[in-house]
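Source file: work-v9.pdb. Holds: PDB, C-alpha atoms, pLDDT in the B column.
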```pdb
ATOM      1  CA  SER Q   1      24.872  -2.650 -28.945  1.00 88.00           C
ATOM      2  CA  TYR Q   2      21.755  -4.743 -28.477  1.00 92.00           C
ATOM      3  CA  ALA Q   3      22.728  -5.560 -24.918  1.00 93.00           C
ATOM      4  CA  MET Q   4      23.214  -1.885 -24.038  1.00 89.00           C
ATOM      5  CA  GLY Q   5      19.890  -1.017 -25.626  1.00 85.00           C
ATOM      6  CA  SER Q   6      18.154  -3.744 -23.637  1.00 88.00           C
ATOM      7  CA  GLN Q   7      19.657  -2.475 -20.372  1.00 87.00           C
ATOM      8  CA  ILE Q   8      18.483   1.065 -21.052  1.00 84.00           C
ATOM      9  CA  ALA Q   9      15.008  -0.221 -21.901  1.00 82.00           C
ATOM     10  CA  GLU Q  10      14.858  -2.338 -18.725  1.00 83.00           C
ATOM     11  CA  SER Q  11      15.737   0.675 -16.571  1.00 80.00           C
ATOM     12  CA  MET Q  12      13.054   2.723 -18.324  1.00 77.00           C
ATOM     13  CA  LYS Q  13      10.460  -0.035 -17.792  1.00 75.00           C
ATOM     14  CA  GLN Q  14      11.067   0.095 -14.049  1.00 66.00           C
ATOM     15  CA  GLY Q  15      10.106   3.761 -14.034  1.00 61.00           C
ATOM     16  CA  ASN Q  16       7.027   3.231 -16.230  1.00 63.00           C
ATOM     17  CA  LEU Q  17       8.280   5.824 -18.695  1.00 68.00           C
ATOM     18  CA  LEU Q  18       8.133   3.849 -21.945  1.00 69.00           C
ATOM     19  CA  GLN Q  19       4.550   4.784 -22.758  1.00 73.00           C
ATOM     20  CA  ASN Q  20       5.533   8.463 -22.800  1.00 77.00           C
ATOM     21  CA  ILE Q  21       8.579   8.125 -25.037  1.00 84.00           C
ATOM     22  CA  ASP Q  22       8.800   9.253 -28.674  1.00 88.00           C
ATOM     23  CA  PHE Q  23      11.559   6.873 -29.755  1.00 87.00           C
ATOM     24  CA  THR Q  24      12.531   8.880 -32.822  1.00 91.00           C
ATOM     25  CA  VAL Q  25      13.270  11.895 -30.634  1.00 91.00           C
ATOM     26  CA  PHE Q  26      14.849   9.623 -28.011  1.00 88.00           C
ATOM     27  CA  VAL Q  27      17.375   8.203 -30.490  1.00 88.00           C
ATOM     28  CA  ASP Q  28      18.044  11.662 -31.973  1.00 91.00           C
ATOM     29  CA  ALA Q  29      18.875  12.960 -28.482  1.00 90.00           C
ATOM     30  CA  MET Q  30      21.328  10.118 -27.884  1.00 88.00           C
ATOM     31  CA  LYS Q  31      23.038  10.817 -31.197  1.00 90.00           C
ATOM     32  CA  ASP Q  32      23.237  14.541 -30.429  1.00 90.00           C
ATOM     33  CA  VAL Q  33      24.761  13.980 -26.997  1.00 90.00           C
ATOM     34  CA  LEU Q  34      27.332  11.522 -28.360  1.00 89.00           C
ATOM     35  CA  ALA Q  35      28.230  14.012 -31.093  1.00 90.00           C
ATOM     36  CA  GLY Q  36      28.507  16.876 -28.609  1.00 89.00           C
ATOM     37  CA  ASN Q  37      25.581  18.771 -30.143  1.00 88.00           C
ATOM     38  CA  SER Q  38      22.883  18.463 -27.476  1.00 88.00           C
ATOM     39  CA  TYR Q  39      20.175  21.153 -27.555  1.00 86.00           C
ATOM     40  CA  ILE Q  40      19.790  21.175 -23.777  1.00 89.00           C
ATOM     41  CA  THR Q  41      22.163  20.951 -20.848  1.00 89.00           C
ATOM     42  CA  ARG Q  42      22.250  18.089 -18.360  1.00 88.00           C
ATOM     43  CA  GLU Q  43      20.672  20.395 -15.752  1.00 92.00           C
ATOM     44  CA  GLN Q  44      17.856  21.363 -18.134  1.00 91.00           C
ATOM     45  CA  SER Q  45      17.106  17.755 -19.030  1.00 89.00           C
ATOM     46  CA  ALA Q  46      17.036  16.816 -15.341  1.00 90.00           C
ATOM     47  CA  ALA Q  47      14.593  19.669 -14.650  1.00 92.00           C
ATOM     48  CA  VAL Q  48      12.300  18.556 -17.490  1.00 90.00           C
ATOM     49  CA  ILE Q  49      12.232  14.947 -16.282  1.00 85.00           C
ATOM     50  CA  THR Q  50      11.664  15.977 -12.657  1.00 88.00           C
ATOM     51  CA  ALA Q  51       8.752  18.220 -13.634  1.00 91.00           C
ATOM     52  CA  PHE Q  52       7.242  15.480 -15.781  1.00 87.00           C
ATOM     53  CA  LEU Q  53       7.518  12.837 -13.055  1.00 83.00           C
ATOM     54  CA  GLN Q  54       5.966  15.192 -10.499  1.00 88.00           C
ATOM     55  CA  LYS Q  55       3.045  15.843 -12.832  1.00 90.00           C
ATOM     56  CA  GLU Q  56       2.596  12.095 -13.358  1.00 85.00           C
ATOM     57  CA  TYR Q  57       2.735  11.508  -9.595  1.00 87.00           C
ATOM     58  CA  GLU Q  58       0.075  14.130  -8.910  1.00 91.00           C
ATOM     59  CA  SER Q  59      -2.138  12.589 -11.597  1.00 90.00           C
ATOM     60  CA  LEU Q  60      -1.643   9.116 -10.121  1.00 90.00           C
ATOM     61  CA  LYS Q  61      -2.578  10.335  -6.635  1.00 93.00           C
ATOM     62  CA  ALA Q  62      -5.725  12.033  -7.923  1.00 95.00           C
ATOM     63  CA  ASN Q  63      -6.815   9.034  -9.987  1.00 95.00           C
ATOM     64  CA  ASN Q  64      -6.221   6.579  -7.145  1.00 95.00           C
ATOM     65  CA  LEU Q  65      -8.134   8.754  -4.692  1.00 96.00           C
ATOM     66  CA  ALA Q  66     -11.082   9.005  -7.081  1.00 96.00           C
ATOM     67  CA  THR Q  67     -11.035   5.226  -7.587  1.00 96.00           C
ATOM     68  CA  ALA Q  68     -10.861   4.627  -3.831  1.00 96.00           C
ATOM     69  CA  ASN Q  69     -13.736   6.996  -3.096  1.00 97.00           C
ATOM     70  CA  ALA Q  70     -15.916   5.461  -5.805  1.00 97.00           C
ATOM     71  CA  PHE Q  71     -15.265   1.951  -4.496  1.00 97.00           C
ATOM     72  CA  LEU Q  72     -15.995   2.877  -0.873  1.00 97.00           C
ATOM     73  CA  GLU Q  73     -19.183   4.722  -1.836  1.00 96.00           C
ATOM     74  CA  GLN Q  74     -20.459   1.650  -3.640  1.00 97.00           C
ATOM     75  CA  ASN Q  75     -19.216  -0.788  -1.008  1.00 97.00           C
ATOM     76  CA  LYS Q  76     -20.996   0.926   1.874  1.00 95.00           C
ATOM     77  CA  THR Q  77     -24.380   0.283   0.266  1.00 95.00           C
ATOM     78  CA  LYS Q  78     -24.039  -3.442   0.996  1.00 94.00           C
ATOM     79  CA  GLU Q  79     -26.152  -4.516   3.961  1.00 93.00           C
ATOM     80  CA  VAL Q  80     -23.357  -6.442   5.670  1.00 94.00           C
ATOM     81  CA  VAL Q  81     -20.889  -3.535   5.594  1.00 96.00           C
ATOM     82  CA  VAL Q  82     -20.499  -1.385   8.724  1.00 96.00           C
ATOM     83  CA  VAL Q  83     -19.240   2.160   8.163  1.00 97.00           C
ATOM     84  CA  LEU Q  84     -17.473   3.947  11.020  1.00 96.00           C
ATOM     85  CA  PRO Q  85     -17.275   7.763  11.464  1.00 96.00           C
ATOM     86  CA  SER Q  86     -13.601   7.613  10.452  1.00 96.00           C
ATOM     87  CA  GLY Q  87     -14.604   6.225   7.065  1.00 96.00           C
ATOM     88  CA  LEU Q  88     -13.343   2.722   7.828  1.00 97.00           C
ATOM     89  CA  GLN Q  89     -15.610  -0.051   6.591  1.00 97.00           C
ATOM     90  CA  TYR Q  90     -15.731  -3.608   7.855  1.00 97.00           C
ATOM     91  CA  VAL Q  91     -17.631  -6.874   7.718  1.00 97.00           C
ATOM     92  CA  ILE Q  92     -17.612  -9.325  10.614  1.00 96.00           C
ATOM     93  CA  LEU Q  93     -17.143 -12.857   9.281  1.00 96.00           C
ATOM     94  CA  LYS Q  94     -16.847 -14.382  12.753  1.00 94.00           C
ATOM     95  CA  PRO Q  95     -17.187 -12.294  15.942  1.00 92.00           C
ATOM     96  CA  GLY Q  96     -14.849 -14.313  18.184  1.00 92.00           C
ATOM     97  CA  ASN Q  97     -15.100 -14.271  21.974  1.00 94.00           C
ATOM     98  CA  ASP Q  98     -15.592 -11.321  24.334  1.00 91.00           C
ATOM     99  CA  LYS Q  99     -11.862 -10.591  24.629  1.00 92.00           C
ATOM    100  CA  LYS Q 100     -11.056  -7.687  22.301  1.00 92.00           C
ATOM    101  CA  PRO Q 101      -7.659  -6.034  21.747  1.00 92.00           C
ATOM    102  CA  THR Q 102      -6.629  -2.521  22.747  1.00 90.00           C
ATOM    103  CA  GLU Q 103      -3.897  -0.373  21.216  1.00 89.00           C
ATOM    104  CA  THR Q 104      -1.381  -1.507  23.846  1.00 89.00           C
ATOM    105  CA  ASP Q 105      -1.842  -5.202  23.080  1.00 92.00           C
ATOM    106  CA  GLU Q 106       0.081  -7.424  20.781  1.00 93.00           C
ATOM    107  CA  VAL Q 107      -1.978  -9.476  18.408  1.00 94.00           C
ATOM    108  CA  VAL Q 108      -1.288 -12.722  16.591  1.00 95.00           C
ATOM    109  CA  VAL Q 109      -3.075 -12.632  13.246  1.00 96.00           C
ATOM    110  CA  ASN Q 110      -3.411 -14.320   9.923  1.00 96.00           C
ATOM    111  CA  TYR Q 111      -4.143 -11.861   7.150  1.00 96.00           C
ATOM    112  CA  GLN Q 112      -4.166 -11.165   3.469  1.00 96.00           C
ATOM    113  CA  GLY Q 113      -3.969  -7.702   1.963  1.00 95.00           C
ATOM    114  CA  THR Q 114      -5.229  -6.951  -1.532  1.00 95.00           C
ATOM    115  CA  MET Q 115      -5.599  -3.918  -3.711  1.00 94.00           C
ATOM    116  CA  LEU Q 116      -8.915  -3.035  -5.313  1.00 95.00           C
ATOM    117  CA  ASP Q 117      -8.044  -4.976  -8.460  1.00 93.00           C
ATOM    118  CA  GLY Q 118      -7.562  -8.142  -6.400  1.00 93.00           C
ATOM    119  CA  THR Q 119      -3.756  -8.114  -6.449  1.00 93.00           C
ATOM    120  CA  VAL Q 120      -2.359  -9.645  -3.246  1.00 94.00           C
ATOM    121  CA  PHE Q 121       0.474  -7.520  -1.851  1.00 93.00           C
ATOM    122  CA  ASP Q 122       0.998  -9.238   1.503  1.00 93.00           C
ATOM    123  CA  SER Q 123      -0.239 -12.469   3.067  1.00 94.00           C
ATOM    124  CA  SER Q 124       0.668 -14.428   6.168  1.00 94.00           C
ATOM    125  CA  TYR Q 125      -1.318 -17.305   4.667  1.00 93.00           C
ATOM    126  CA  GLU Q 126       1.128 -17.507   1.774  1.00 93.00           C
ATOM    127  CA  ARG Q 127       4.058 -17.490   4.205  1.00 92.00           C
ATOM    128  CA  GLY Q 128       2.465 -20.367   6.084  1.00 92.00           C
ATOM    129  CA  GLU Q 129       2.528 -18.798   9.550  1.00 93.00           C
ATOM    130  CA  PRO Q 130       0.670 -16.065  11.464  1.00 95.00           C
ATOM    131  CA  ALA Q 131       2.288 -12.718  12.266  1.00 94.00           C
ATOM    132  CA  THR Q 132       2.643 -10.924  15.593  1.00 94.00           C
ATOM    133  CA  PHE Q 133       2.162  -7.152  15.737  1.00 92.00           C
ATOM    134  CA  ASN Q 134       1.890  -4.457  18.358  1.00 92.00           C
ATOM    135  CA  LEU Q 135      -1.519  -3.038  17.511  1.00 91.00           C
ATOM    136  CA  GLY Q 136      -0.567   0.522  18.393  1.00 89.00           C
ATOM    137  CA  ARG Q 137       2.171   0.524  15.761  1.00 91.00           C
ATOM    138  CA  LEU Q 138       0.028  -0.448  12.805  1.00 93.00           C
ATOM    139  CA  ILE Q 139      -1.794   1.635  10.220  1.00 94.00           C
ATOM    140  CA  PRO Q 140      -4.901   3.411  11.569  1.00 95.00           C
ATOM    141  CA  GLY Q 141      -7.290   1.122   9.696  1.00 95.00           C
ATOM    142  CA  TRP Q 142      -5.902  -1.954  11.432  1.00 95.00           C
ATOM    143  CA  LYS Q 143      -5.615  -0.206  14.777  1.00 94.00           C
ATOM    144  CA  GLU Q 144      -9.276   0.789  14.750  1.00 95.00           C
ATOM    145  CA  GLY Q 145     -10.765  -2.179  12.951  1.00 95.00           C
ATOM    146  CA  LEU Q 146      -9.254  -5.004  14.977  1.00 95.00           C
ATOM    147  CA  GLN Q 147     -10.859  -3.645  18.129  1.00 93.00           C
ATOM    148  CA  TYR Q 148     -14.259  -4.670  16.741  1.00 94.00           C
ATOM    149  CA  ILE Q 149     -13.669  -8.409  16.850  1.00 94.00           C
ATOM    150  CA  GLY Q 150     -12.814 -10.749  19.696  1.00 94.00           C
ATOM    151  CA  GLU Q 151     -10.114 -13.343  19.969  1.00 95.00           C
ATOM    152  CA  GLY Q 152     -10.784 -16.044  17.417  1.00 95.00           C
ATOM    153  CA  GLY Q 153     -12.759 -13.646  15.238  1.00 96.00           C
ATOM    154  CA  GLU Q 154     -12.465 -12.948  11.533  1.00 97.00           C
ATOM    155  CA  MET Q 155     -13.276  -9.817   9.537  1.00 97.00           C
ATOM    156  CA  MET Q 156     -12.846  -7.941   6.297  1.00 97.00           C
ATOM    157  CA  LEU Q 157     -11.477  -4.401   6.425  1.00 97.00           C
ATOM    158  CA  PHE Q 158     -12.011  -1.871   3.645  1.00 98.00           C
ATOM    159  CA  ILE Q 159      -9.520   0.856   4.410  1.00 97.00           C
ATOM    160  CA  PRO Q 160      -9.655   4.368   2.900  1.00 97.00           C
ATOM    161  CA  PRO Q 161      -6.318   5.842   1.786  1.00 96.00           C
ATOM    162  CA  GLY Q 162      -6.143   8.187   4.770  1.00 95.00           C
ATOM    163  CA  LEU Q 163      -6.371   5.235   7.172  1.00 96.00           C
ATOM    164  CA  ALA Q 164      -3.858   3.171   5.203  1.00 95.00           C
ATOM    165  CA  TYR Q 165      -0.675   4.716   3.795  1.00 94.00           C
ATOM    166  CA  GLY Q 166      -2.084   7.870   2.211  1.00 93.00           C
ATOM    167  CA  GLU Q 167       0.331   9.540  -0.166  1.00 92.00           C
ATOM    168  CA  ALA Q 168       3.385   7.777   1.303  1.00 88.00           C
ATOM    169  CA  PRO Q 169       3.200   3.983   0.840  1.00 90.00           C
ATOM    170  CA  PRO Q 170       6.148   1.883   2.026  1.00 86.00           C
ATOM    171  CA  GLN Q 171       9.186   2.255  -0.213  1.00 83.00           C
ATOM    172  CA  GLY Q 172       9.466  -0.642  -2.629  1.00 81.00           C
ATOM    173  CA  SER Q 173       5.868  -1.694  -2.005  1.00 85.00           C
ATOM    174  CA  PRO Q 174       3.441  -2.302  -4.899  1.00 89.00           C
ATOM    175  CA  ILE Q 175       0.935  -0.139  -3.008  1.00 92.00           C
ATOM    176  CA  GLN Q 176       0.410   3.149  -4.841  1.00 92.00           C
ATOM    177  CA  PRO Q 177      -0.204   6.549  -3.220  1.00 94.00           C
ATOM    178  CA  ASN Q 178      -3.820   7.162  -2.178  1.00 96.00           C
ATOM    179  CA  ALA Q 179      -4.732   3.509  -2.613  1.00 95.00           C
ATOM    180  CA  ALA Q 180      -7.648   1.979  -0.724  1.00 96.00           C
ATOM    181  CA  LEU Q 181      -6.803  -1.447   0.673  1.00 96.00           C
ATOM    182  CA  ILE Q 182      -8.757  -4.577   1.548  1.00 97.00           C
ATOM    183  CA  PHE Q 183      -7.675  -6.944   4.310  1.00 97.00           C
ATOM    184  CA  GLN Q 184      -9.020 -10.291   5.403  1.00 96.00           C
ATOM    185  CA  LEU Q 185      -8.033 -10.724   9.060  1.00 95.00           C
ATOM    186  CA  GLU Q 186      -8.173 -13.554  11.560  1.00 96.00           C
ATOM    187  CA  LEU Q 187      -7.435 -12.542  15.170  1.00 96.00           C
ATOM    188  CA  ILE Q 188      -5.835 -15.678  16.568  1.00 96.00           C
ATOM    189  CA  LYS Q 189      -4.637 -14.440  19.940  1.00 94.00           C
ATOM    190  CA  ILE Q 190      -4.293 -11.293  22.064  1.00 93.00           C
ATOM    191  CA  MET Q 191      -1.156 -10.858  24.155  1.00 88.00           C
ATOM    192  CA  PRO Q 192      -1.208  -7.889  26.595  1.00 72.00           C
ATOM    193  CA  LYS Q 193       1.961  -5.808  26.645  1.00 65.00           C
ATOM    194  CA  GLU Q 194       4.219  -6.475  29.593  1.00 58.00           C
ATOM    195  CA  GLY Q 195       5.463  -3.227  31.133  1.00 48.00           C
ATOM    196  CA  ASP Q 196       6.926  -0.860  28.581  1.00 42.00           C
ATOM    197  CA  GLN Q 197       8.617  -3.505  26.482  1.00 44.00           C
ATOM    198  CA  LEU Q 198       7.467  -3.663  22.890  1.00 41.00           C
ATOM    199  CA  ILE Q 199       8.267  -6.686  20.766  1.00 40.00           C
ATOM    200  CA  GLN Q 200       9.168  -5.813  17.190  1.00 41.00           C
ATOM    201  CA  PRO Q 201       6.763  -7.689  14.921  1.00 40.00           C
ATOM    202  CA  LYS Q 202       8.300  -9.505  11.993  1.00 42.00           C
ATOM    203  CA  PRO Q 203       7.185  -9.352   9.239  1.00 42.00           C
ATOM    204  CA  ILE Q 204       5.568  -5.958   9.879  1.00 45.00           C
ATOM    205  CA  ILE Q 205       3.208  -3.700   8.008  1.00 51.00           C
ATOM    206  CA  PRO Q 206       5.199  -0.445   8.048  1.00 48.00           C
ATOM    207  CA  VAL Q 207       3.849   2.491   9.999  1.00 49.00           C
ATOM    208  CA  PRO Q 208       2.734   5.453   7.839  1.00 51.00           C
ATOM    209  CA  ALA Q 209       5.299   8.204   7.461  1.00 48.00           C
ATOM    210  CA  ASN Q 210       3.242  10.662   9.467  1.00 47.00           C
TER     211      ASN Q 210
END
```
Once you've parsed the file, please lay out its structure as structure tokens.
Amino acid sequence: SYAMGSQIAESMKQGNLLQNIDFTVFVDAMKDVLAGNSYITREQSAAVITAFLQKEYESLKANNLATANAFLEQNKTKEVVVVLPSGLQYVILKPGNDKKPTETDEVVVNYQGTMLDGTVFDSSYERGEPATFNLGRLIPGWKEGLQYIGEGGEMMLFIPPGLAYGEAPPQGSPIQPNAALIFQLELIKIMPKEGDQLIQPKPIIPVPAN
């Protein structure tokens, strides 16, 4: 009995539902269903849960967008931060040489991506080796930002939600919808594309759904 209860609780923790549960009502519902006296049908309960999760999702999107906007508004007041018309913000840590990438180039980079609270969600530094990407296949913030440093350069990117993953972050990623992201990037090498052949980068930052 304890084991079954722990499994149910673990599955609920994964969906972040525990904070919204009245456990007295929860246990009563289980007893009613097992006794064949449930007050609602399976279809009705599914509709209630779906509506609740959608409401929570909309609230999460709105809160994350407000947090992102507040951060970017404050961040752009720093003297070292450059703000582009697209809303992308960056700081040049090291300009590199005069050779800058275009969207058709492949780039070899070291990078670390963090959320606004400092949580690292991806890092080539932690993996111990740089990554190779086709620049044209990356999120808009990378695609635009990397063209402002030369080979050998380093920069910080502060990417608004609309230039990152917007409302559709990669499935299974810790990145939440409408999250602003921060990247530290080191452009190690630029490799022009040969003909029409594109090399699949691995690991890759997934392309936004749109």
- Task: May I ask for the distance between atom CA of Q:Ala29 and atom CA of Q:Ser1, given in Å to one decimal place?
- Result: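 The value is 16.7 Å.
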- Task: Pick out the closest residue to Q:Gly118 from this set: Q:Ala3, Q:Leu53, Q:Val81, Q:Leu181. Count all atoms listed in the file.
- Result: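 Smallest distance to Q:Gly118 is found for Q:Leu181.
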- With distances taken over all atoms listed in the file, which of Q:Thr50, Q:Gln176, Q:Pro160, Q:Ile149 is nearest to Q:Glu73?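 Going through Q:Thr50, Q:Gln176, Q:Pro160, Q:Ile149 one by one, the smallest distance to Q:Glu73 is for Q:Pro160.
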- Message: I'd like the residues picked by the PyMOL selection byres ((chain Q and resi 104) around 9) written out as an MDAnalysis selection string, using the chain letters and numbers from the file.
- Response: chainID Q and resid 101:103 105:106 134:136 192:193
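Residue nearest Q:Ile175 within the list Q:Pro161, Q:Gly141, Q:Gly128, Q:Gly87: Q:Pro161 [criterion: smallest interatomic distance, all atoms listed in the file].
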- Task: Extract, using all atoms listed in the file, all DNA, RNA and protein residues at most 12 Å from Q:Leu116, discarding same-chain residues fewer than 5 positions from it, and format them as a PyMOL selection string.
- Result: chain Q and resi 64-65+67-72+75+121+158-161+175-176+178-183
Mind dumping the selected residues with C-alpha atoms as a PDB file, in the frame of the given file?
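This is the output file result-v4.pdb:
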```pdb
ATOM      1  CA  ASN Q  64      -6.221   6.579  -7.145  1.00 95.00           C
ATOM      2  CA  LEU Q  65      -8.134   8.754  -4.692  1.00 96.00           C
ATOM      3  CA  THR Q  67     -11.035   5.226  -7.587  1.00 96.00           C
ATOM      4  CA  ALA Q  68     -10.861   4.627  -3.831  1.00 96.00           C
ATOM      5  CA  ASN Q  69     -13.736   6.996  -3.096  1.00 97.00           C
ATOM      6  CA  ALA Q  70     -15.916   5.461  -5.805  1.00 97.00           C
ATOM      7  CA  PHE Q  71     -15.265   1.951  -4.496  1.00 97.00           C
ATOM      8  CA  LEU Q  72     -15.995   2.877  -0.873  1.00 97.00           C
ATOM      9  CA  ASN Q  75     -19.216  -0.788  -1.008  1.00 97.00           C
ATOM     10  CA  PHE Q 121       0.474  -7.520  -1.851  1.00 93.00           C
ATOM     11  CA  PHE Q 158     -12.011  -1.871   3.645  1.00 98.00           C
ATOM     12  CA  ILE Q 159      -9.520   0.856   4.410  1.00 97.00           C
ATOM     13  CA  PRO Q 160      -9.655   4.368   2.900  1.00 97.00           C
ATOM     14  CA  PRO Q 161      -6.318   5.842   1.786  1.00 96.00           C
ATOM     15  CA  ILE Q 175       0.935  -0.139  -3.008  1.00 92.00           C
ATOM     16  CA  GLN Q 176       0.410   3.149  -4.841  1.00 92.00           C
ATOM     17  CA  ASN Q 178      -3.820   7.162  -2.178  1.00 96.00           C
ATOM     18  CA  ALA Q 179      -4.732   3.509  -2.613  1.00 95.00           C
ATOM     19  CA  ALA Q 180      -7.648   1.979  -0.724  1.00 96.00           C
ATOM     20  CA  LEU Q 181      -6.803  -1.447   0.673  1.00 96.00           C
ATOM     21  CA  ILE Q 182      -8.757  -4.577   1.548  1.00 97.00           C
ATOM     22  CA  PHE Q 183      -7.675  -6.944   4.310  1.00 97.00           C
TER      23      PHE Q 183
END
```
Draw an axis-aligned box tight on the listed atoms of stretch 156-175 of chain Q, then pad every side by 4 Å and write out centre and edge lengths in Å to one decimal as AutoDock Vina command-line options.
```
--center_x -1.7 --center_y 0.8 --center_z 1.1 --size_x 30.3 --size_y 25.5 --size_z 20.1
```
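Non-sequential neighbours of Q:Ser173 (distance at most 12 Å, separation of 3 or more positions within a chain, all atoms listed in the file) are Met115, Val120, Phe121, Asp122, Tyr165, Ala168, Pro169, Pro170, Gln176, Pro177, Ala179, Ile205 and Pro206 of chain Q.
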- Hey, can you check how far atom CA of Q:Ile139 sits from atom CA of Q:Leu163? 6.6 Å
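Across the structure, atom CA of Q:Ala9 and atom CA of Q:Ser59 are spaced 23.8 Å apart.
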- List the residues matched by the PyMOL selection byres ((chain Q and resi 125) around 12) in the displayed structure as a list in words, ordered by chain and then by residue number.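 With the shown file as input, the PyMOL selection byres ((chain Q and resi 125) around 12) matches Val109, Asn110, Tyr111, Gln112, Gly113, Val120, Phe121, Asp122, Ser123, Ser124, Glu126, Arg127, Gly128, Glu129, Pro130, Ala131, Gln184, Leu185 and Glu186 of chain Q.
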Selection: 12 Å around Q:Glu79, all atoms listed in the file, excl. self and same-chain fewer than 6 positions, as a CSV table (one decimal) with C-alpha atoms, in the coordinates of the input:
```csv
chain,number,residue,atom,x,y,z
Q,89,GLN,CA,-15.6,-0.1,6.6
Q,90,TYR,CA,-15.7,-3.6,7.9
Q,91,VAL,CA,-17.6,-6.9,7.7
Q,92,ILE,CA,-17.6,-9.3,10.6
```
- Check the smallest atom-to-atom distance from each of Q:Lys13, Q:Ala46, Q:Glu144, Q:Gly5 to Q:Val27 using only C-alpha atoms, then report the winner.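 Using only C-alpha atoms, the shortest distance to Q:Val27 belongs to Q:Gly5.
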- Item | Selection: 7 Å around Q:Lys189, all atoms listed in the file, excl. self and same-chain fewer than 2 positions, as a list in words |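 Here the answer would be Val107, Val108, Glu151, Gly152, Leu187 and Met191 of chain Q.
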Output C-alpha atoms for every residue in the selection just made, as a short mmCIF file (atom, residue, chain, number, x, y, z; two decimals), keeping the file's coordinate frame.
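Contents of result.cif, freshly written:
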```
data_model
loop_
_atom_site.label_atom_id
_atom_site.label_comp_id
_atom_site.auth_asym_id
_atom_site.auth_seq_id
_atom_site.Cartn_x
_atom_site.Cartn_y
_atom_site.Cartn_z
CA VAL Q 107 -1.98 -9.48 18.41
CA VAL Q 108 -1.29 -12.72 16.59
CA GLU Q 151 -10.11 -13.34 19.97
CA GLY Q 152 -10.78 -16.04 17.42
CA LEU Q 187 -7.44 -12.54 15.17
CA MET Q 191 -1.16 -10.86 24.16
#
```
- Message: Here is a test: counting all atoms listed in the file, which residue of Q:Gly96, Q:Pro140, Q:Pro85, Q:Gly36 is nearest to Q:Gly166?
- Response: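 Closest to Q:Gly166 of all the choices is Q:Pro140.
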- Item | Selected residue, from Q:Thr132, Q:Asn63, Q:Asn97, Q:Ser6, that lies nearest to Q:Tyr148 when counting all atoms listed in the file | Q:Asn97
Export stretch 102-115 of chain Q of the preceding structure, keeping C-alpha atoms, as a PDB file, in the first residue's frame.
```
ATOM      1  CA  THR Q 102      27.195  34.235 -41.866  1.00  0.00           C
ATOM      2  CA  GLU Q 103      24.020  32.160 -41.686  1.00  0.00           C
ATOM      3  CA  THR Q 104      25.391  29.646 -44.202  1.00  0.00           C
ATOM      4  CA  ASP Q 105      28.515  28.908 -42.165  1.00  0.00           C
ATOM      5  CA  GLU Q 106      29.153  26.222 -39.656  1.00  0.00           C
ATOM      6  CA  VAL Q 107      30.606  27.365 -36.389  1.00  0.00           C
ATOM      7  CA  VAL Q 108      32.647  25.581 -33.750  1.00  0.00           C
ATOM      8  CA  VAL Q 109      31.756  27.030 -30.359  1.00  0.00           C
ATOM      9  CA  ASN Q 110      32.097  26.567 -26.661  1.00  0.00           C
ATOM     10  CA  TYR Q 111      29.044  27.773 -24.792  1.00  0.00           C
ATOM     11  CA  GLN Q 112      27.045  27.700 -21.624  1.00  0.00           C
ATOM     12  CA  GLY Q 113      23.339  28.432 -21.437  1.00  0.00           C
ATOM     13  CA  THR Q 114      21.670  29.566 -18.228  1.00  0.00           C
ATOM     14  CA  MET Q 115      18.238  30.650 -17.169  1.00  0.00           C
TER      15      MET Q 115
END
```
